[in-house]
file protein_32.tsv (TSV, C-alpha atoms)
chain	number	residue	atom	x	y	z
A	88	MET	CA	0.00	0.00	0.00
A	89	SER	CA	1.28	3.43	-0.89
A	90	SER	CA	0.11	6.99	-0.39
A	91	LEU	CA	0.10	9.39	-3.30
A	92	PHE	CA	0.91	13.05	-2.96
A	93	PHE	CA	0.92	15.90	-5.47
A	94	VAL	CA	3.58	18.53	-5.84
A	95	SER	CA	3.31	21.77	-7.78
A	96	LEU	CA	6.32	24.00	-7.14
A	97	GLU	CA	7.39	27.13	-8.96
A	98	ILE	CA	10.79	28.06	-7.54
A	99	GLU	CA	13.17	30.81	-8.53
A	100	MET	CA	16.40	28.95	-9.18
A	101	SER	CA	19.86	30.33	-9.83
A	102	GLN	CA	19.97	28.07	-12.90
A	103	PRO	CA	16.99	27.46	-15.21
A	104	LEU	CA	15.08	24.25	-14.59
A	105	PRO	CA	15.85	21.46	-17.05
A	106	ALA	CA	13.54	20.86	-19.97
A	107	THR	CA	12.14	17.80	-18.22
A	108	HIS	CA	10.20	19.99	-15.75
A	109	GLU	CA	6.81	20.09	-17.46
A	110	LEU	CA	3.71	21.30	-15.60
A	111	HIS	CA	1.30	20.58	-18.46
A	112	SER	CA	1.76	16.84	-18.02
A	113	GLY	CA	0.13	17.13	-14.61
A	114	TYR	CA	-3.27	18.38	-15.76
A	115	PHE	CA	-3.89	17.52	-19.42
A	116	HIS	CA	-6.61	14.98	-18.51
A	117	PRO	CA	-9.87	15.72	-16.63
A	118	THR	CA	-9.08	13.14	-13.93
A	119	LEU	CA	-5.62	14.63	-13.41
A	120	ARG	CA	-7.18	18.06	-13.01
A	121	SER	CA	-9.57	16.60	-10.45
A	122	TRP	CA	-6.67	15.12	-8.50
A	123	GLN	CA	-4.79	18.39	-8.49
A	124	SER	CA	-7.84	20.33	-7.33
A	125	ASN	CA	-9.33	17.92	-4.79
A	126	ALA	CA	-6.46	15.83	-3.47
A	127	ALA	CA	-8.15	15.55	-0.06
A	128	HIS	CA	-11.51	14.43	-1.47
A	129	LEU	CA	-12.01	10.66	-1.20
A	130	ALA	CA	-14.24	9.10	-3.83
A	131	ALA	CA	-14.06	6.32	-6.41
A	132	SER	CA	-12.84	8.85	-8.96
A	133	GLN	CA	-9.78	9.56	-6.78
A	134	LEU	CA	-8.67	5.93	-6.53
A	135	ILE	CA	-6.29	3.91	-8.69
A	136	TYR	CA	-7.11	0.25	-9.21
A	137	PRO	CA	-4.28	-2.20	-9.98
A	138	LEU	CA	-4.72	-4.72	-12.78
A	139	PHE	CA	-2.38	-7.72	-13.02
A	140	ILE	CA	-2.41	-8.56	-16.72
A	141	SER	CA	-1.25	-12.03	-17.72
A	142	ASP	CA	0.10	-12.83	-21.16
A	143	VAL	CA	-2.07	-15.97	-21.16
A	144	GLU	CA	-5.22	-14.84	-22.98
A	145	ASP	CA	-7.72	-16.95	-21.01
A	146	ASN	CA	-5.98	-16.87	-17.65
A	147	TRP	CA	-8.16	-16.28	-14.57
A	148	GLU	CA	-6.15	-17.08	-11.48
A	149	GLU	CA	-6.82	-15.94	-7.93
A	150	ILE	CA	-3.77	-14.51	-6.18
A	151	GLY	CA	-3.23	-16.54	-3.02
A	152	SER	CA	-1.59	-13.72	-1.08
A	153	LEU	CA	-4.29	-11.21	-2.12
A	154	PRO	CA	-7.66	-12.96	-1.69
A	155	GLY	CA	-10.27	-11.63	-4.08
A	156	GLN	CA	-7.68	-10.32	-6.54
A	157	PHE	CA	-6.79	-12.08	-9.79
A	158	ARG	CA	-4.21	-12.34	-12.51
A	159	PHE	CA	-6.12	-12.44	-15.75
A	160	GLY	CA	-5.65	-12.36	-19.50
A	161	LEU	CA	-7.17	-9.95	-21.99
A	162	ALA	CA	-10.17	-12.23	-22.50
A	163	HIS	CA	-11.35	-11.27	-19.00
A	164	ILE	CA	-10.32	-7.62	-18.77
A	165	ASP	CA	-13.84	-6.26	-19.33
A	166	ARG	CA	-15.16	-8.64	-16.66
A	167	VAL	CA	-13.03	-6.71	-14.17
A	168	VAL	CA	-12.96	-3.17	-15.51
A	169	ALA	CA	-16.55	-2.58	-16.68
A	170	PRO	CA	-18.19	-2.90	-13.22
A	171	LEU	CA	-15.53	-0.66	-11.68
A	172	VAL	CA	-16.00	2.06	-14.27
A	173	ALA	CA	-19.76	1.84	-13.71
A	174	LYS	CA	-19.11	2.53	-10.01
A	175	GLY	CA	-17.13	5.66	-10.77
A	176	LEU	CA	-13.54	4.42	-11.07
A	177	ARG	CA	-11.52	6.59	-13.44
A	178	THR	CA	-7.97	5.24	-13.23
A	179	VAL	CA	-6.30	1.85	-13.53
A	180	LEU	CA	-2.66	0.89	-13.10
A	181	LEU	CA	-1.41	-1.99	-15.26
A	182	PHE	CA	1.18	-4.51	-14.10
A	183	GLY	CA	2.38	-7.00	-16.69
A	184	VAL	CA	2.72	-10.61	-15.53
A	185	PRO	CA	4.54	-12.45	-18.35
A	186	VAL	CA	4.73	-16.22	-17.98
A	187	GLN	CA	4.98	-17.39	-21.60
A	188	VAL	CA	7.63	-15.07	-22.99
A	189	PRO	CA	11.33	-15.80	-22.47
A	190	LYS	CA	13.11	-13.61	-19.93
A	191	ASP	CA	16.67	-12.35	-20.24
A	192	ALA	CA	19.17	-10.11	-18.46
A	193	THR	CA	17.83	-6.87	-19.94
A	194	GLY	CA	14.09	-7.57	-20.09
A	195	SER	CA	14.22	-7.24	-23.85
A	196	LEU	CA	10.54	-8.16	-24.33
A	197	ALA	CA	9.19	-5.60	-21.85
A	198	ASP	CA	8.58	-3.13	-24.67
A	199	ALA	CA	7.34	-5.56	-27.33
A	200	ASP	CA	4.47	-4.21	-29.44
A	201	ASP	CA	2.40	-7.31	-28.63
A	202	SER	CA	3.18	-7.46	-24.90
A	203	CYS	CA	0.26	-8.06	-22.56
A	204	VAL	CA	0.56	-4.49	-21.25
A	205	ALA	CA	0.61	-2.85	-24.69
A	206	ARG	CA	-2.38	-4.88	-25.80
A	207	ALA	CA	-4.27	-4.03	-22.61
A	208	VAL	CA	-3.54	-0.31	-23.08
A	209	ARG	CA	-4.89	-0.40	-26.63
A	210	HIS	CA	-8.04	-2.21	-25.52
A	211	LEU	CA	-8.73	0.07	-22.56
A	212	ARG	CA	-8.16	3.30	-24.49
A	213	LYS	CA	-10.55	2.15	-27.21
A	214	THR	CA	-13.23	0.62	-24.96
A	215	TYR	CA	-13.20	3.15	-22.10
A	216	PRO	CA	-12.23	6.51	-23.66
A	217	SER	CA	-12.62	8.48	-20.42
A	218	LEU	CA	-10.50	6.07	-18.36
A	219	LEU	CA	-7.06	7.24	-17.26
A	220	VAL	CA	-4.60	4.42	-17.98
A	221	ALA	CA	-1.35	4.17	-16.03
A	222	CYS	CA	1.44	1.64	-16.58
A	223	ASP	CA	3.90	0.43	-14.00
A	224	VAL	CA	7.40	0.58	-15.46
A	225	CYS	CA	9.93	-1.83	-14.01
A	226	LEU	CA	12.14	-4.53	-15.46
A	227	CYS	CA	11.73	-7.12	-12.69
A	228	PRO	CA	8.84	-9.10	-14.29
A	229	TYR	CA	10.81	-9.41	-17.55
A	230	THR	CA	14.38	-10.09	-16.37
A	231	SER	CA	15.75	-13.56	-15.81
A	232	HIS	CA	17.32	-12.43	-12.51
A	233	GLY	CA	14.16	-10.68	-11.28
A	234	HIS	CA	15.84	-7.41	-10.35
A	235	CYS	CA	14.50	-3.98	-11.24
A	236	GLY	CA	17.48	-2.95	-13.35
A	237	ILE	CA	20.32	-4.29	-15.48
A	238	LEU	CA	23.16	-5.91	-13.56
A	239	TYR	CA	26.91	-5.96	-13.93
A	240	ASP	CA	28.61	-9.36	-13.96
A	241	ASP	CA	29.18	-9.13	-10.20
A	242	GLY	CA	25.45	-8.69	-9.56
A	243	THR	CA	25.49	-4.96	-8.78
A	244	ILE	CA	23.27	-2.43	-10.55
A	245	ASN	CA	24.40	-0.89	-13.84
A	246	ASN	CA	22.46	2.32	-13.26
A	247	GLN	CA	23.06	4.06	-16.59
A	248	ALA	CA	22.06	1.02	-18.64
A	249	SER	CA	19.05	0.55	-16.36
A	250	THR	CA	17.72	4.08	-16.73
A	251	GLU	CA	18.17	3.98	-20.51
A	252	ARG	CA	16.27	0.71	-20.70
A	253	LEU	CA	13.48	1.95	-18.44
A	254	ALA	CA	13.06	5.01	-20.67
A	255	GLN	CA	12.68	2.73	-23.70
A	256	VAL	CA	9.98	0.70	-21.95
A	257	ALA	CA	8.17	3.84	-20.76
A	258	LEU	CA	8.15	5.28	-24.26
A	259	SER	CA	6.77	2.05	-25.71
A	260	TYR	CA	3.84	2.16	-23.24
A	261	ALA	CA	3.21	5.82	-24.05
A	262	ARG	CA	3.08	4.84	-27.74
A	263	ALA	CA	1.14	1.61	-27.26
A	264	GLY	CA	-1.81	2.91	-29.25
A	265	THR	CA	0.21	3.00	-32.46
A	266	SER	CA	2.41	0.43	-34.08
A	267	ARG	CA	6.06	1.37	-34.53
A	268	GLU	CA	5.67	1.65	-38.30
A	269	ASN	CA	2.61	3.90	-37.99
A	270	GLN	CA	3.72	6.39	-35.35
A	271	HIS	CA	3.14	10.06	-36.05
A	272	PRO	CA	6.26	11.91	-37.19
A	273	PRO	CA	7.59	14.73	-35.00
A	274	GLY	CA	6.04	18.11	-35.67
A	275	ILE	CA	2.57	16.78	-36.53
A	276	LEU	CA	-0.03	18.34	-34.22
A	277	LEU	CA	-2.77	15.86	-33.37
A	278	THR	CA	-6.33	16.88	-32.65
A	279	GLU	CA	-7.75	16.06	-29.20
A	280	SER	CA	-9.90	13.29	-30.65
A	281	ALA	CA	-6.91	11.76	-32.43
A	282	ILE	CA	-4.89	11.81	-29.22
A	283	CYS	CA	-7.67	9.99	-27.38
A	284	VAL	CA	-7.88	7.22	-29.97
A	285	ASP	CA	-4.28	6.98	-31.08
A	286	ALA	CA	-2.21	7.46	-27.90
A	287	GLY	CA	-0.96	4.89	-25.44
A	288	CYS	CA	-1.04	5.12	-21.67
A	289	GLN	CA	-1.47	8.53	-20.06
A	290	ILE	CA	0.61	7.91	-16.92
A	291	ILE	CA	4.01	6.29	-16.55
A	292	ALA	CA	4.60	4.98	-13.01
A	293	PRO	CA	8.25	3.89	-12.62
A	294	SER	CA	8.61	1.76	-9.49
A	295	ASP	CA	12.23	0.66	-9.79
A	296	MET	CA	14.02	3.38	-7.72
A	297	MET	CA	17.00	3.66	-10.07
A	298	ASP	CA	18.83	6.98	-9.75
A	299	GLY	CA	18.00	9.32	-12.63
A	300	ARG	CA	15.27	7.27	-14.23
A	301	ILE	CA	12.68	10.09	-14.07
A	302	ALA	CA	14.89	12.50	-16.00
A	303	SER	CA	15.67	9.77	-18.51
A	304	ILE	CA	11.99	8.95	-19.02
A	305	LYS	CA	11.00	12.60	-19.33
A	306	THR	CA	13.77	13.18	-21.87
A	307	ALA	CA	12.49	10.24	-23.93
A	308	LEU	CA	8.92	11.54	-23.78
A	309	ARG	CA	10.06	15.02	-24.80
A	310	GLY	CA	11.97	13.59	-27.77
A	311	ALA	CA	8.77	11.89	-28.91
A	312	HIS	CA	6.67	15.06	-28.37
A	313	LEU	CA	4.70	13.32	-25.61
A	314	HIS	CA	6.01	15.32	-22.65
A	315	SER	CA	2.77	17.27	-22.17
A	316	LYS	CA	0.45	14.32	-22.93
A	317	VAL	CA	1.91	11.68	-20.61
A	318	SER	CA	2.39	12.19	-16.88
A	319	VAL	CA	5.11	10.62	-14.75
A	320	MET	CA	3.95	9.45	-11.33
A	321	SER	CA	7.03	8.44	-9.42
A	322	TYR	CA	7.67	6.20	-6.49
A	323	SER	CA	9.46	9.01	-4.69
A	324	ALA	CA	10.33	7.28	-1.44
A	325	LYS	CA	10.25	3.50	-1.70
A	326	PHE	CA	11.64	1.68	1.31
A	327	ALA	CA	12.96	-1.87	1.31
A	328	SER	CA	10.29	-3.93	3.06
A	329	CYS	CA	8.89	-7.41	3.49
A	330	PHE	CA	5.44	-5.84	3.06
A	331	TYR	CA	5.92	-6.13	-0.71
A	332	GLY	CA	5.69	-9.92	-0.47
A	333	PRO	CA	2.02	-10.25	-1.56
A	334	PHE	CA	2.55	-7.84	-4.43
A	335	ARG	CA	5.65	-9.68	-5.65
A	336	ASP	CA	3.59	-12.84	-5.55
A	337	ALA	CA	0.84	-11.14	-7.57
A	338	ALA	CA	3.25	-9.84	-10.22
A	339	LYS	CA	5.58	-12.86	-10.05
A	340	SER	CA	8.44	-10.41	-9.67
A	341	ALA	CA	10.49	-11.62	-6.72
A	342	PRO	CA	14.28	-11.55	-7.37
A	343	ALA	CA	15.83	-14.90	-8.23
A	344	ALA	CA	18.75	-14.19	-5.88
A	345	GLY	CA	19.74	-11.48	-3.44
A	346	ASP	CA	17.49	-8.59	-2.51
A	347	ARG	CA	16.75	-5.00	-3.51
A	348	LYS	CA	18.21	-3.20	-0.53
A	349	CYS	CA	20.95	-1.57	-2.60
A	350	TYR	CA	18.41	0.44	-4.62
A	351	GLN	CA	15.44	0.74	-2.26
A	352	LEU	CA	15.70	3.07	0.71
A	353	PRO	CA	16.79	1.74	4.12
A	354	PRO	CA	13.81	1.59	6.53
A	355	GLY	CA	13.68	4.71	8.67
A	356	ALA	CA	16.02	6.70	6.41
A	357	ARG	CA	14.04	9.93	6.72
A	358	GLY	CA	16.83	12.16	5.38
A	359	LEU	CA	17.36	10.04	2.28
A	360	ALA	CA	13.60	9.84	1.70
A	361	LEU	CA	13.19	13.60	1.82
A	362	ARG	CA	16.17	14.17	-0.46
A	363	ALA	CA	14.72	11.68	-2.95
A	364	THR	CA	11.31	13.34	-2.72
A	365	VAL	CA	12.71	16.82	-3.32
A	366	ARG	CA	14.63	15.57	-6.34
A	367	ILE	CA	11.51	13.94	-7.79
A	368	ALA	CA	9.39	17.06	-7.12
A	369	LEU	CA	11.22	18.88	-9.89
A	370	PHE	CA	10.35	16.25	-12.50
A	371	SER	CA	7.07	14.48	-11.62
A	372	PHE	CA	3.52	15.73	-11.20
A	373	ALA	CA	3.02	13.33	-8.29
A	374	GLY	CA	4.97	11.04	-6.01
A	375	SER	CA	4.30	8.27	-3.53
A	376	VAL	CA	5.60	6.93	-0.25
A	377	THR	CA	5.61	3.16	0.12
A	378	PRO	CA	4.97	0.99	2.09
A	379	PHE	CA	2.63	3.49	3.70
A	380	LEU	CA	1.86	1.51	6.86
A	381	SER	CA	5.44	1.71	8.08
A	382	ALA	CA	6.48	4.98	6.43
A	383	SER	CA	3.49	7.28	6.95
A	384	SER	CA	5.58	9.69	9.01
A	385	ILE	CA	7.63	10.46	5.89
A	386	LEU	CA	4.53	11.65	4.06
A	387	ALA	CA	3.91	14.24	6.78
A	388	CYS	CA	7.32	15.75	5.97
A	389	CYS	CA	6.55	16.09	2.25
A	390	THR	CA	5.24	19.62	2.60
A	391	VAL	CA	5.91	22.52	0.31
A	392	ASP	CA	7.61	24.44	3.13
A	393	ASP	CA	9.98	21.57	3.86
A	394	MET	CA	10.78	21.11	0.16
A	395	LEU	CA	11.42	24.82	-0.32
A	396	HIS	CA	13.73	24.82	2.71
A	397	ARG	CA	15.69	21.88	1.37
A	398	LEU	CA	15.90	23.31	-2.13
A	399	GLY	CA	17.07	26.59	-0.67
A	400	SER	CA	19.71	24.79	1.37
A	401	ARG	CA	20.91	23.01	-1.74
A	402	ARG	CA	21.22	26.31	-3.61
A	403	ARG	CA	23.35	27.70	-0.78
A	404	GLY	CA	25.66	24.69	-1.02
A	405	ARG	CA	24.66	22.97	2.23
A	406	ARG	CA	23.32	19.84	0.52

call {"tool": "encode", "arguments": {"input": "protein_32.tsv", "output": "structure tokens"}}
result
Amino acid sequence: MSSLFFVSLEIEMSQPLPATHELHSGYFHPTLRSWQSNAAHLAASQLIYPLFISDVEDNWEEIGSLPGQFRFGLAHIDRVVAPLVAKGLRTVLLFGVPVQVPKDATGSLADADDSCVARAVRHLRKTYPSLLVACDVCLCPYTSHGHCGILYDDGTINNQASTERLAQVALSYARAGTSRENQHPPGILLTESAICVDAGCQIIAPSDMMDGRIASIKTALRGAHLHSKVSVMSYSAKFASCFYGPFRDAAKSAPAAGDRKCYQLPPGARGLALRATVRIALFSFAGSVTPFLSASSILACCTVDDMLHRLGSRRRGRR
């Protein structure tokens, strides 16, 4: 369980903000505007429902660690989504659960045009035009080693290669509504109706916690002229925790060996969490603290005043 928070900061900096700082990506969709305006209002329209999409078309499998939740193939997606939309749900978050495709060290099939996530995005955008579709971006379900990034031979994280790969996957989800050979060339302005039919997911949610992956993803989106049409919702402060066990079971994403403590925050590391959150605030329209049950005190520190203080301290050279 995580808690989402929204950040909108306009700060006078000694150096101009990088091109990846885009405010438009935080309110281009009616649901996003609702979130920004009524973050404290709790209703079905404010919730995000996770969908665990299997690459087995007819799969319908209850998740043992999450009773009442299922991994399912595209044949059953309307069985799940239609009743929720009828009850007022406006946002879903897709997690790919590949079991048939081969996995390798770089998760090379994570951004395949016919992946279960890409196909689900296309179906949802066509069938539920008002639905806001978010995609989790992480390599762990697609890598043979089960880690969230690309590894060196000694098992440590190759951060640069990881962030580049994550940006490729994010861009493929953002473009999932068009095949690679039929993508719109740069400089072509689409009408609003064309964007609704022809675009991929509207939110990228990178959950890997690799350093620099938000900037890399935003740079990729900008290069594809999608920077103001696709939001980035970051896991800003993600602590290493055994609470992720049921989720890893649901997504079949547990590491084959070792753990993720070298790239997830140490439990109780308030200073690191706030530094990570401040860094993300300059690039994402929203962030999250997870697992919320054991890290709720961090969320209370994610205030504008605290962020401004820390950014000011950084400008004066004390950070």

call {"tool": "residues_near_point", "arguments": {"input": "protein_32.tsv", "point": "(15.9, 7.6, -12.8)", "cutoff": "9 Å", "atoms": "only C-alpha atoms", "output": "PyMOL selection string"}}
result
chain A and resi 246-247+249-251+253-254+293+295-304

call {"tool": "write_last_selection", "arguments": {"input": "protein_32.tsv", "atoms": "C-alpha atoms", "output": "PDB file, in the coordinates of the input"}}
result
ATOM      1  CA  ASN A 246      22.460   2.320 -13.260  1.00  0.00           C
ATOM      2  CA  GLN A 247      23.060   4.060 -16.590  1.00  0.00           C
ATOM      3  CA  SER A 249      19.050   0.550 -16.360  1.00  0.00           C
ATOM      4  CA  THR A 250      17.720   4.080 -16.730  1.00  0.00           C
ATOM      5  CA  GLU A 251      18.170   3.980 -20.510  1.00  0.00           C
ATOM      6  CA  LEU A 253      13.480   1.950 -18.440  1.00  0.00           C
ATOM      7  CA  ALA A 254      13.060   5.010 -20.670  1.00  0.00           C
ATOM      8  CA  PRO A 293       8.250   3.890 -12.620  1.00  0.00           C
ATOM      9  CA  ASP A 295      12.230   0.660  -9.790  1.00  0.00           C
ATOM     10  CA  MET A 296      14.020   3.380  -7.720  1.00  0.00           C
ATOM     11  CA  MET A 297      17.000   3.660 -10.070  1.00  0.00           C
ATOM     12  CA  ASP A 298      18.830   6.980  -9.750  1.00  0.00           C
ATOM     13  CA  GLY A 299      18.000   9.320 -12.630  1.00  0.00           C
ATOM     14  CA  ARG A 300      15.270   7.270 -14.230  1.00  0.00           C
ATOM     15  CA  ILE A 301      12.680  10.090 -14.070  1.00  0.00           C
ATOM     16  CA  ALA A 302      14.890  12.500 -16.000  1.00  0.00           C
ATOM     17  CA  SER A 303      15.670   9.770 -18.510  1.00  0.00           C
ATOM     18  CA  ILE A 304      11.990   8.950 -19.020  1.00  0.00           C
TER      19      ILE A 304
END

call {"tool": "residues_around", "arguments": {"input": "protein_32.tsv", "residues": "Cys222 in chain A", "least_positions_apart": "3", "cutoff": "12 Å", "atoms": "all atoms listed in the file", "output": "MDAnalysis selection string"}}
result
chainID A and resid 135:140 178:183 197:198 203:208 211 219 225 256:263 287:294 317:321

call {"tool": "closest_residue", "arguments": {"input": "protein_32.tsv", "among": "A:Arg252, A:His116, A:His234, A:His312", "to": "Ser217 in chain A", "atoms": "only C-alpha atoms"}}
result
A:His116

call {"tool": "atom_distance", "arguments": {"input": "protein_32.tsv", "atom1": "CA of Gly175 in chain A", "atom2": "CA of Leu218 in chain A"}}
result
10.1 Å

call {"tool": "residues_near_point", "arguments": {"input": "protein_32.tsv", "point": "(15.7, 3.0, 0.6)", "cutoff": "12 Å", "atoms": "all atoms listed in the file", "output": "ChimeraX atom specification"}}
result
/A:295-298,322-328,347-364,376-378,382

call {"tool": "closest_residue", "arguments": {"input": "protein_32.tsv", "among": "A:Leu119, A:Ile237, A:Leu171, A:Leu110", "to": "Gln133 in chain A", "atoms": "all atoms listed in the file"}}
result
A:Leu119

call {"tool": "atom_distance", "arguments": {"input": "protein_32.tsv", "atom1": "CA of Leu134 in chain A", "atom2": "CA of Pro185 in chain A"}}
result
25.5 Å

call {"tool": "closest_residue", "arguments": {"input": "protein_32.tsv", "among": "A:Leu238, A:Ser231, A:Gly113, A:Ser124", "to": "Pro189 in chain A", "atoms": "all atoms listed in the file"}}
result
A:Ser231

call {"tool": "atom_distance", "arguments": {"input": "protein_32.tsv", "atom1": "CA of Leu153 in chain A", "atom2": "CA of Lys190 in chain A"}}
result
25.0 Å

call {"tool": "residues_around", "arguments": {"input": "protein_32.tsv", "residues": "Pro154 in chain A", "least_positions_apart": "6", "cutoff": "12 Å", "atoms": "all atoms listed in the file", "output": "PDB file with C-alpha atoms, in the coordinates of the input"}}
result
ATOM      1  CA  GLU A 148      -6.150 -17.080 -11.480  1.00  0.00           C
ATOM      2  CA  PRO A 333       2.020 -10.250  -1.560  1.00  0.00           C
ATOM      3  CA  PHE A 334       2.550  -7.840  -4.430  1.00  0.00           C
ATOM      4  CA  ASP A 336       3.590 -12.840  -5.550  1.00  0.00           C
ATOM      5  CA  ALA A 337       0.840 -11.140  -7.570  1.00  0.00           C
TER       6      ALA A 337
END

call {"tool": "closest_residue", "arguments": {"input": "protein_32.tsv", "among": "A:Gln255, A:Ala169, A:Ile164, A:Leu226", "to": "Lys305 in chain A", "atoms": "all atoms listed in the file"}}
result
A:Gln255
